[in-house]
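Below is one structure, written out as structure tokens, with a few remarks after it.
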Amino acid sequence: MTRRFALVGTGARAEMFVRAIHDHPGTAELVAFADTNRHRMWVHNEWLRAAGHSPVPEYPAAGLAALLARERVDELIVTSVDDTHAGHIVTALEAGCDVITEKPMTVDAEGCRRILDAQARTGKRVSVAFNYRFNPVHEQVRRLLAEGAVGEIGSVHFEWLLDVRHGADYFRRWHRDKAHSGGLLVHKAGHHFDLVNWWLAAAPAEVYAHGRLFFYGENGRRHGYAREYDRVHDSPAAEDDPFALHLAGNPRLHALYLDAEADDGYVRDRNVFAPGVSIEDDLAVLVRYDTGATMTYHLTAYAPWEGYRLMVNGSRGRLELEVVESDHVSPAAAGELKGAAVHGVTGNPERGHARLTLHPFWEPPREVPLPERPRGGHGGADARMTAVLLGTQTDPMNRSATARDGALALLTGLAANRCLQTGAPVRVADLLDLNPR
């Protein structure tokens with residue numbers, strides 16, 4: 001049976017879902033776009049024509065309810081700005097549609113409650129696109145922990161590094177405003193918090209955090225990186241800036257953003273050291289879970305290399321994972337969009353590796369074999385995820401994230417953000433109790 005999909009939010013992330021729908025013609029059909037920017041919808045339709053597909057009707061985002069009814073939509077895909085997610089998701093649920101939403105599911109506890117209430121009221125499904133669950137390396141970690149390879153889990157340490165190519169991209173676009181994105185603890189670390197919830201089969205109970213804006217924004221002057229321009233396009237001072245994103249040099253970005261500015265004034269290529277940043281770039285979090293386990297987590301958004309380290313300590317030993325996605329940032333690739341090479345969109349000019357090691361008590365450590373990193377976005381995870389979400393593959397590992405999963409990841413970040421404001425530990429249930437008595 002073929003399901004009818006509409007998509008709201010036609011920025012760069014929408015491309016993955018549009019391609020995936022056309023890669024699964026037996027189960028999925030794209031029937032409409034919605035956005036606040038008419039030009040971006042036109043661009044996506046032009047790309048459909050160029051690929052030999054028929055264009056689809058275009059609707060303003062404010063007319064989403066009418067779109068869902070008129071186009072007889074079965075499922076809505078939400079890839080719009082993060083703070084708009086809740087409204088679109090609730091509109092779709094109340095129209096009788098299932099929903100696939102990009103992470104984060106929303107950016108505040110109020111929106112989260114609206115989504116959960118609407119889902120309970122309508123009985124429809126919400127799936128959150130946590131693609132990291134579908135990475136084969138992360139699946140292997142899940143298997144080992146579920147099999148008891150380290151026994152009962154006592155603690156986790158998780159360090160994530162965004163390099164100065166990927167990390168910088170959050171500071172030149174709408175994500176730099178916490179009101180729109182929730183900051184990196186919601187938008188980016190939500191991926192990581194969800195992974196730990198999934199690996200441990202646990203829910204966060206209490207959160208403590210410290211964080212600051214150390215590198216980007218107006219700190220660039222102190223560190224010697226500041227250039228005197230507001231945006232890159234038509235700015236001579238940006239020509240040789242390694243932190244600059246040159247939209248005019250990339251045909252797809254030129255069409256999707258530079259040519260679309262007349263519709264809504266959105267600027268995609270701001271100076272990462274310009275004023276106005278309200279998110280942090282250096283964050284430390286301590287989480288206590290309902291199982292009693294704890295996690296220490298650190299996110300650095302200005303690292304020289306990209307990757308992460310995970311350590312899981314248990315009653316029978318320790319599991320260690322190190323993933324290097326790029327061992328440095330090549331000057332030739334420094335200005336690419338959000339680390340496109342790292343995430344499978346282009347060829348990677350730098351080297352990387354992954355190593356998973358099990359350290360049992362009273363035995364030598366042993367390296368766990370890992371599959372060769374697949375080609376494609378996020379180590380092949382994007383294609384594996386969309387195959388499940390679009391109905392062409394089964395999901396025996398329960399990798400598909402539900403609205404509750406989305407809420408648990410979100411609440412970890414929201415509790416950490418609250419702690420940044422108050423300086424006091426935050427009980428997750430005080431923000432939103434998912435298990436009311």
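Just remember, in the structure tokens the first chain shown is A, the second B, etc., residues are 1-based per chain, and ligands are 1-based in the order shown.
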
**Item:** Test item: residues at most 6 Å from range 166-181 of chain A, only C-alpha atoms, excluding those fewer than 5 positions along its chain, as a PyMOL selection string
**Value:** chain A and resi 82-83+187+268-272+277-279+301-302+338-339

**Request:** Please provide the set of residues having any atom within 7 Å of Arg427 in chain A, restricted to only C-alpha atoms, with same-chain residues fewer than 6 positions apart removed, written as a PyMOL selection string.
**Result:** chain A and resi 205-207

Keeping only N, CA and C atoms, write the selected residues to a file as a PDB file, in the first residue's frame.
```
ATOM      1  N   ALA A 205      16.423  11.326  35.119  1.00  0.00           N
ATOM      2  CA  ALA A 205      15.671  11.719  36.310  1.00  0.00           C
ATOM      3  C   ALA A 205      16.090  13.079  36.839  1.00  0.00           C
ATOM      4  N   GLU A 206      17.394  13.370  36.825  1.00  0.00           N
ATOM      5  CA  GLU A 206      17.894  14.637  37.360  1.00  0.00           C
ATOM      6  C   GLU A 206      19.101  15.084  36.534  1.00  0.00           C
ATOM      7  N   VAL A 207      19.213  16.388  36.314  1.00  0.00           N
ATOM      8  CA  VAL A 207      20.240  16.926  35.419  1.00  0.00           C
ATOM      9  C   VAL A 207      20.901  18.142  36.061  1.00  0.00           C
TER      10      VAL A 207
END
```

**Message:** Need to verify the contact set: Ala129 in chain A, 10 Å, only C-alpha atoms, exclusion of same-chain residues closer than 5 positions in sequence. Can you return it as a count of residues only?
**Reply:** 20

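All residues of protein, DNA or RNA that reach within 9 Å of Asp263 in chain A, judged by only C-alpha atoms and not counting those fewer than 6 positions away in the chain, are Thr36, Asn37, Arg38 and His39 of chain A.
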
**Prompt:** Per DSSP on the backbone, what are the alpha helix (DSSP H) residues of range 195-271 of chain A, as a list in words?
**Reply:** Leu195, Val196, Asn197, Trp198, Trp199, Leu200, Asn219, Gly220, Arg221, Arg222, His223, Pro251, Arg252, Leu253, Glu261, Ala262, Asp263 and Asp264 of chain A
